[in-house]
>>> print(open('work-v3.pdb').read())   # PDB, N, CA and C atoms
ATOM      1  N   MET A   1      -0.143  18.967   8.757
ATOM      2  CA  MET A   1       0.257  17.726   8.121
ATOM      3  C   MET A   1       1.563  17.975   7.379
ATOM      4  N   ASP A   2       2.570  17.179   7.694
ATOM      5  CA  ASP A   2       3.882  17.389   7.108
ATOM      6  C   ASP A   2       3.946  17.037   5.632
ATOM      7  N   ASP A   3       3.424  15.891   5.262
ATOM      8  CA  ASP A   3       3.481  15.446   3.873
ATOM      9  C   ASP A   3       2.120  14.887   3.469
ATOM     10  N   PRO A   4       1.276  15.723   2.882
ATOM     11  CA  PRO A   4      -0.071  15.259   2.550
ATOM     12  C   PRO A   4      -0.093  14.145   1.504
ATOM     13  N   VAL A   5       0.890  14.097   0.619
ATOM     14  CA  VAL A   5       0.930  13.009  -0.374
ATOM     15  C   VAL A   5       1.202  11.688   0.331
ATOM     16  N   ALA A   6       2.161  11.679   1.248
ATOM     17  CA  ALA A   6       2.471  10.448   1.988
ATOM     18  C   ALA A   6       1.253   9.986   2.781
ATOM     19  N   ALA A   7       0.537  10.920   3.385
ATOM     20  CA  ALA A   7      -0.665  10.566   4.141
ATOM     21  C   ALA A   7      -1.715   9.943   3.225
ATOM     22  N   LEU A   8      -1.900  10.502   2.049
ATOM     23  CA  LEU A   8      -2.892   9.978   1.110
ATOM     24  C   LEU A   8      -2.473   8.605   0.575
ATOM     25  N   VAL A   9      -1.188   8.438   0.299
ATOM     26  CA  VAL A   9      -0.688   7.145  -0.179
ATOM     27  C   VAL A   9      -0.886   6.083   0.902
ATOM     28  N   ARG A  10      -0.586   6.417   2.159
ATOM     29  CA  ARG A  10      -0.824   5.471   3.263
ATOM     30  C   ARG A  10      -2.303   5.098   3.318
ATOM     31  N   TRP A  11      -3.165   6.078   3.150
ATOM     32  CA  TRP A  11      -4.610   5.839   3.175
ATOM     33  C   TRP A  11      -4.975   4.823   2.090
ATOM     34  N   GLU A  12      -4.437   5.029   0.886
ATOM     35  CA  GLU A  12      -4.690   4.113  -0.232
ATOM     36  C   GLU A  12      -4.155   2.716   0.067
ATOM     37  N   GLU A  13      -2.948   2.639   0.631
ATOM     38  CA  GLU A  13      -2.312   1.346   0.912
ATOM     39  C   GLU A  13      -3.112   0.522   1.914
ATOM     40  N   TYR A  14      -3.836   1.179   2.800
ATOM     41  CA  TYR A  14      -4.678   0.469   3.766
ATOM     42  C   TYR A  14      -6.033   0.096   3.177
ATOM     43  N   GLY A  15      -6.231   0.410   1.910
ATOM     44  CA  GLY A  15      -7.449   0.005   1.224
ATOM     45  C   GLY A  15      -8.617   0.961   1.373
ATOM     46  N   ALA A  16      -8.363   2.120   1.951
ATOM     47  CA  ALA A  16      -9.428   3.096   2.121
ATOM     48  C   ALA A  16      -9.556   3.949   0.858
ATOM     49  N   SER A  17     -10.639   4.672   0.774
ATOM     50  CA  SER A  17     -10.872   5.481  -0.427
ATOM     51  C   SER A  17     -10.852   6.965  -0.096
ATOM     52  N   TRP A  18     -10.721   7.751  -1.131
ATOM     53  CA  TRP A  18     -10.726   9.206  -0.997
ATOM     54  C   TRP A  18     -11.362   9.809  -2.231
ATOM     55  N   ARG A  19     -11.753  11.066  -2.080
ATOM     56  CA  ARG A  19     -12.374  11.777  -3.200
ATOM     57  C   ARG A  19     -12.061  13.265  -3.069
ATOM     58  N   VAL A  20     -11.734  13.899  -4.187
ATOM     59  CA  VAL A  20     -11.556  15.353  -4.202
ATOM     60  C   VAL A  20     -12.944  15.965  -4.098
ATOM     61  N   VAL A  21     -13.148  16.802  -3.077
ATOM     62  CA  VAL A  21     -14.462  17.417  -2.883
ATOM     63  C   VAL A  21     -14.452  18.911  -3.211
ATOM     64  N   ALA A  22     -13.258  19.494  -3.301
ATOM     65  CA  ALA A  22     -13.143  20.901  -3.694
ATOM     66  C   ALA A  22     -11.743  21.117  -4.241
ATOM     67  N   ARG A  23     -11.673  22.005  -5.231
ATOM     68  CA  ARG A  23     -10.368  22.279  -5.829
ATOM     69  C   ARG A  23     -10.373  23.665  -6.436
ATOM     70  N   SER A  24      -9.267  24.366  -6.219
ATOM     71  CA  SER A  24      -9.034  25.639  -6.891
ATOM     72  C   SER A  24      -7.669  25.520  -7.560
ATOM     73  N   GLU A  25      -7.205  26.583  -8.137
ATOM     74  CA  GLU A  25      -5.884  26.536  -8.768
ATOM     75  C   GLU A  25      -4.771  26.367  -7.744
ATOM     76  N   THR A  26      -5.038  26.739  -6.484
ATOM     77  CA  THR A  26      -3.977  26.740  -5.474
ATOM     78  C   THR A  26      -4.213  25.811  -4.292
ATOM     79  N   GLU A  27      -5.377  25.167  -4.224
ATOM     80  CA  GLU A  27      -5.671  24.340  -3.052
ATOM     81  C   GLU A  27      -6.646  23.234  -3.412
ATOM     82  N   VAL A  28      -6.528  22.115  -2.701
ATOM     83  CA  VAL A  28      -7.425  20.989  -2.906
ATOM     84  C   VAL A  28      -7.922  20.498  -1.543
ATOM     85  N   THR A  29      -9.171  20.037  -1.531
ATOM     86  CA  THR A  29      -9.736  19.398  -0.347
ATOM     87  C   THR A  29     -10.062  17.963  -0.721
ATOM     88  N   VAL A  30      -9.471  17.029   0.016
ATOM     89  CA  VAL A  30      -9.659  15.606  -0.244
ATOM     90  C   VAL A  30     -10.377  14.996   0.956
ATOM     91  N   ALA A  31     -11.521  14.369   0.723
ATOM     92  CA  ALA A  31     -12.252  13.668   1.774
ATOM     93  C   ALA A  31     -11.727  12.246   1.861
ATOM     94  N   LEU A  32     -11.499  11.788   3.088
ATOM     95  CA  LEU A  32     -11.013  10.437   3.344
ATOM     96  C   LEU A  32     -12.159   9.600   3.894
ATOM     97  N   TYR A  33     -12.361   8.433   3.282
ATOM     98  CA  TYR A  33     -13.495   7.578   3.638
ATOM     99  C   TYR A  33     -13.019   6.261   4.247
ATOM    100  N   THR A  34     -13.907   5.634   5.001
ATOM    101  CA  THR A  34     -13.613   4.331   5.579
ATOM    102  C   THR A  34     -13.332   3.331   4.462
ATOM    103  N   CYS A  35     -12.756   2.197   4.837
ATOM    104  CA  CYS A  35     -12.381   1.181   3.847
ATOM    105  C   CYS A  35     -13.552   0.705   3.004
ATOM    106  N   ASP A  36     -14.748   0.731   3.564
ATOM    107  CA  ASP A  36     -15.911   0.311   2.785
ATOM    108  C   ASP A  36     -16.500   1.469   1.977
ATOM    109  N   GLY A  37     -15.841   2.653   2.065
ATOM    110  CA  GLY A  37     -16.255   3.801   1.274
ATOM    111  C   GLY A  37     -17.501   4.498   1.783
ATOM    112  N   GLY A  38     -17.958   4.098   2.970
ATOM    113  CA  GLY A  38     -19.217   4.628   3.435
ATOM    114  C   GLY A  38     -19.166   5.928   4.204
ATOM    115  N   GLU A  39     -18.235   6.052   5.123
ATOM    116  CA  GLU A  39     -18.255   7.186   6.038
ATOM    117  C   GLU A  39     -17.007   8.054   5.886
ATOM    118  N   GLU A  40     -17.225   9.355   5.769
ATOM    119  CA  GLU A  40     -16.103  10.288   5.729
ATOM    120  C   GLU A  40     -15.553  10.410   7.150
ATOM    121  N   VAL A  41     -14.227  10.244   7.275
ATOM    122  CA  VAL A  41     -13.617  10.291   8.599
ATOM    123  C   VAL A  41     -12.654  11.458   8.783
ATOM    124  N   ASP A  42     -12.205  12.051   7.696
ATOM    125  CA  ASP A  42     -11.272  13.169   7.808
ATOM    126  C   ASP A  42     -11.185  13.860   6.451
ATOM    127  N   ARG A  43     -10.499  14.997   6.446
ATOM    128  CA  ARG A  43     -10.223  15.718   5.198
ATOM    129  C   ARG A  43      -8.788  16.228   5.220
ATOM    130  N   ILE A  44      -8.216  16.275   4.045
ATOM    131  CA  ILE A  44      -6.919  16.917   3.848
ATOM    132  C   ILE A  44      -7.192  18.165   3.027
ATOM    133  N   VAL A  45      -6.795  19.311   3.540
ATOM    134  CA  VAL A  45      -6.901  20.570   2.805
ATOM    135  C   VAL A  45      -5.485  21.097   2.680
ATOM    136  N   SER A  46      -5.027  21.258   1.440
ATOM    137  CA  SER A  46      -3.634  21.638   1.245
ATOM    138  C   SER A  46      -3.437  22.322  -0.098
ATOM    139  N   GLY A  47      -2.444  23.164  -0.127
ATOM    140  CA  GLY A  47      -2.018  23.793  -1.366
ATOM    141  C   GLY A  47      -0.688  23.235  -1.834
ATOM    142  N   ASP A  48      -0.264  22.125  -1.248
ATOM    143  CA  ASP A  48       1.006  21.496  -1.603
ATOM    144  C   ASP A  48       0.974  21.104  -3.086
ATOM    145  N   PRO A  49       1.914  21.618  -3.878
ATOM    146  CA  PRO A  49       1.915  21.306  -5.316
ATOM    147  C   PRO A  49       1.990  19.808  -5.609
ATOM    148  N   ALA A  50       2.696  19.053  -4.776
ATOM    149  CA  ALA A  50       2.796  17.606  -4.992
ATOM    150  C   ALA A  50       1.434  16.936  -4.795
ATOM    151  N   LEU A  51       0.651  17.411  -3.832
ATOM    152  CA  LEU A  51      -0.682  16.843  -3.622
ATOM    153  C   LEU A  51      -1.605  17.214  -4.776
ATOM    154  N   LEU A  52      -1.539  18.457  -5.214
ATOM    155  CA  LEU A  52      -2.348  18.877  -6.366
ATOM    156  C   LEU A  52      -2.049  17.989  -7.567
ATOM    157  N   ASP A  53      -0.782  17.675  -7.791
ATOM    158  CA  ASP A  53      -0.383  16.808  -8.897
ATOM    159  C   ASP A  53      -0.868  15.371  -8.676
ATOM    160  N   HIS A  54      -0.702  14.881  -7.444
ATOM    161  CA  HIS A  54      -1.082  13.492  -7.131
ATOM    162  C   HIS A  54      -2.559  13.241  -7.380
ATOM    163  N   VAL A  55      -3.402  14.143  -6.950
ATOM    164  CA  VAL A  55      -4.843  13.917  -7.102
ATOM    165  C   VAL A  55      -5.300  14.173  -8.539
ATOM    166  N   SER A  56      -4.449  14.754  -9.359
ATOM    167  CA  SER A  56      -4.783  14.987 -10.768
ATOM    168  C   SER A  56      -4.340  13.815 -11.646
ATOM    169  N   SER A  57      -3.472  12.957 -11.104
ATOM    170  CA  SER A  57      -2.953  11.817 -11.858
ATOM    171  C   SER A  57      -3.963  10.693 -11.866
ATOM    172  N   PRO A  58      -3.914   9.848 -12.901
ATOM    173  CA  PRO A  58      -4.791   8.670 -12.894
ATOM    174  C   PRO A  58      -4.458   7.792 -11.697
ATOM    175  N   PRO A  59      -5.436   7.077 -11.153
ATOM    176  CA  PRO A  59      -5.177   6.186 -10.007
ATOM    177  C   PRO A  59      -4.131   5.144 -10.339
ATOM    178  N   ARG A  60      -3.348   4.800  -9.326
ATOM    179  CA  ARG A  60      -2.346   3.745  -9.508
ATOM    180  C   ARG A  60      -3.056   2.411  -9.515
ATOM    181  N   SER A  61      -2.563   1.475 -10.303
ATOM    182  CA  SER A  61      -3.139   0.129 -10.293
ATOM    183  C   SER A  61      -2.471  -0.669  -9.181
ATOM    184  N   SER A  62      -3.215  -1.595  -8.594
ATOM    185  CA  SER A  62      -2.699  -2.394  -7.479
ATOM    186  C   SER A  62      -1.892  -3.555  -7.977
TER     187      SER A  62
END
>>> encode(input="work-v3.pdb", output="structure tokens")
Amino acid sequence: MDDPVAALVRWEEYGASWRVVARSETEVTVALYTCDGGEEVDRIVSGDPALLDHVSSPPRSS
């Protein structure tokens, strides 16, 4: 994945949800869920510092 933050932002923009399911000091695993929040469809696993920062920030308001 070239830009995990951009991928996560696109996911949010389409109304789907995500959740951090694992995190260390150097890597995060983010589960991506369907728009209704029911089914996990993919995961992002990355040590990208921008992604670590993004998932640590409060959610953006719509």
>>> residues_around(input="work-v3.pdb", residues="Asp36 of chain A", least_positions_apart="3", cutoff="7 Å", atoms="only N, CA and C atoms", output="PDB file with N, CA and C atoms, keeping the file's coordinate frame")
ATOM      1  N   GLY A  15      -6.231   0.410   1.910  1.00  0.00           N
ATOM      2  CA  GLY A  15      -7.449   0.005   1.224  1.00  0.00           C
ATOM      3  C   GLY A  15      -8.617   0.961   1.373  1.00  0.00           C
ATOM      4  N   ALA A  16      -8.363   2.120   1.951  1.00  0.00           N
ATOM      5  CA  ALA A  16      -9.428   3.096   2.121  1.00  0.00           C
ATOM      6  C   ALA A  16      -9.556   3.949   0.858  1.00  0.00           C
ATOM      7  N   SER A  17     -10.639   4.672   0.774  1.00  0.00           N
ATOM      8  CA  SER A  17     -10.872   5.481  -0.427  1.00  0.00           C
ATOM      9  C   SER A  17     -10.852   6.965  -0.096  1.00  0.00           C
ATOM     10  N   TYR A  33     -12.361   8.433   3.282  1.00  0.00           N
ATOM     11  CA  TYR A  33     -13.495   7.578   3.638  1.00  0.00           C
ATOM     12  C   TYR A  33     -13.019   6.261   4.247  1.00  0.00           C
ATOM     13  N   GLU A  39     -18.235   6.052   5.123  1.00  0.00           N
ATOM     14  CA  GLU A  39     -18.255   7.186   6.038  1.00  0.00           C
ATOM     15  C   GLU A  39     -17.007   8.054   5.886  1.00  0.00           C
TER      16      GLU A  39
END
>>> atom_distance(input="work-v3.pdb", atom1="atom C of Val45 of chain A", atom2="atom N of Ala6 of chain A")
12.2 Å
>>> closest_atom_pairs(input="work-v3.pdb", of="segment 21-55 of chain A", to="segment 8-13 of chain A", cutoff="10 Å", atoms="only C-alpha atoms", output="CSV")
residue,atom,partner,partner_atom,distance
A:Val30,CA,A:Leu8,CA,8.9
A:Leu32,CA,A:Trp11,CA,7.9
A:Tyr33,CA,A:Trp11,CA,9.1
A:Thr34,CA,A:Trp11,CA,9.4
A:Cys35,CA,A:Trp11,CA,9.1
A:Ile44,CA,A:Leu8,CA,8.5
A:Leu51,CA,A:Leu8,CA,8.6
A:His54,CA,A:Leu8,CA,9.1
A:Val55,CA,A:Leu8,CA,9.3
>>> write_last_selection(input="work-v3.pdb", atoms="N, CA and C atoms", output="CSV table (one decimal), keeping the file's coordinate frame")
chain,number,residue,atom,x,y,z
A,30,VAL,N,-9.5,17.0,0.0
A,30,VAL,CA,-9.7,15.6,-0.2
A,30,VAL,C,-10.4,15.0,1.0
A,32,LEU,N,-11.5,11.8,3.1
A,32,LEU,CA,-11.0,10.4,3.3
A,32,LEU,C,-12.2,9.6,3.9
A,33,TYR,N,-12.4,8.4,3.3
A,33,TYR,CA,-13.5,7.6,3.6
A,33,TYR,C,-13.0,6.3,4.2
A,34,THR,N,-13.9,5.6,5.0
A,34,THR,CA,-13.6,4.3,5.6
A,34,THR,C,-13.3,3.3,4.5
A,35,CYS,N,-12.8,2.2,4.8
A,35,CYS,CA,-12.4,1.2,3.8
A,35,CYS,C,-13.6,0.7,3.0
A,44,ILE,N,-8.2,16.3,4.0
A,44,ILE,CA,-6.9,16.9,3.8
A,44,ILE,C,-7.2,18.2,3.0
A,51,LEU,N,0.7,17.4,-3.8
A,51,LEU,CA,-0.7,16.8,-3.6
A,51,LEU,C,-1.6,17.2,-4.8
A,54,HIS,N,-0.7,14.9,-7.4
A,54,HIS,CA,-1.1,13.5,-7.1
A,54,HIS,C,-2.6,13.2,-7.4
A,55,VAL,N,-3.4,14.1,-7.0
A,55,VAL,CA,-4.8,13.9,-7.1
A,55,VAL,C,-5.3,14.2,-8.5
>>> axis_aligned_box(input="work-v3.pdb", around="segment 2-17 of chain A", padding_each_side="5 Å", output="lines of an AutoDock Vina configuration file")
center_x = -3.5
center_y = 8.7
center_z = 3.6
size_x = 24.8
size_y = 27.4
size_z = 18.1
>>> closest_residue(input="work-v3.pdb", among="A:Arg43, A:Asp2, A:Ala31, A:Pro49", to="Arg19 of chain A", atoms="only C-alpha atoms")
A:Ala31
>>> select_by_dssp(input="work-v3.pdb", residues="segment 20-58 of chain A", states="strand (DSSP E or B)", output="list in words")
Val20, Val21, Ala22, Arg23, Val28, Thr29, Val30, Ala31, Leu32, Tyr33, Glu40, Val41, Asp42, Arg43, Ile44, Val45 and Ser46 of chain A
>>> atom_distance(input="work-v3.pdb", atom1="atom CA of Asp42 of chain A", atom2="atom CA of Ser56 of chain A")
19.8 Å
>>> closest_residue(input="work-v3.pdb", among="A:Val28, A:Ala7, A:Val21, A:Leu52", to="Glu40 of chain A", atoms="only C-alpha atoms")
A:Val21
>>> atom_distance(input="work-v3.pdb", atom1="atom CA of Glu27 of chain A", atom2="atom N of Asp48 of chain A")
6.1 Å
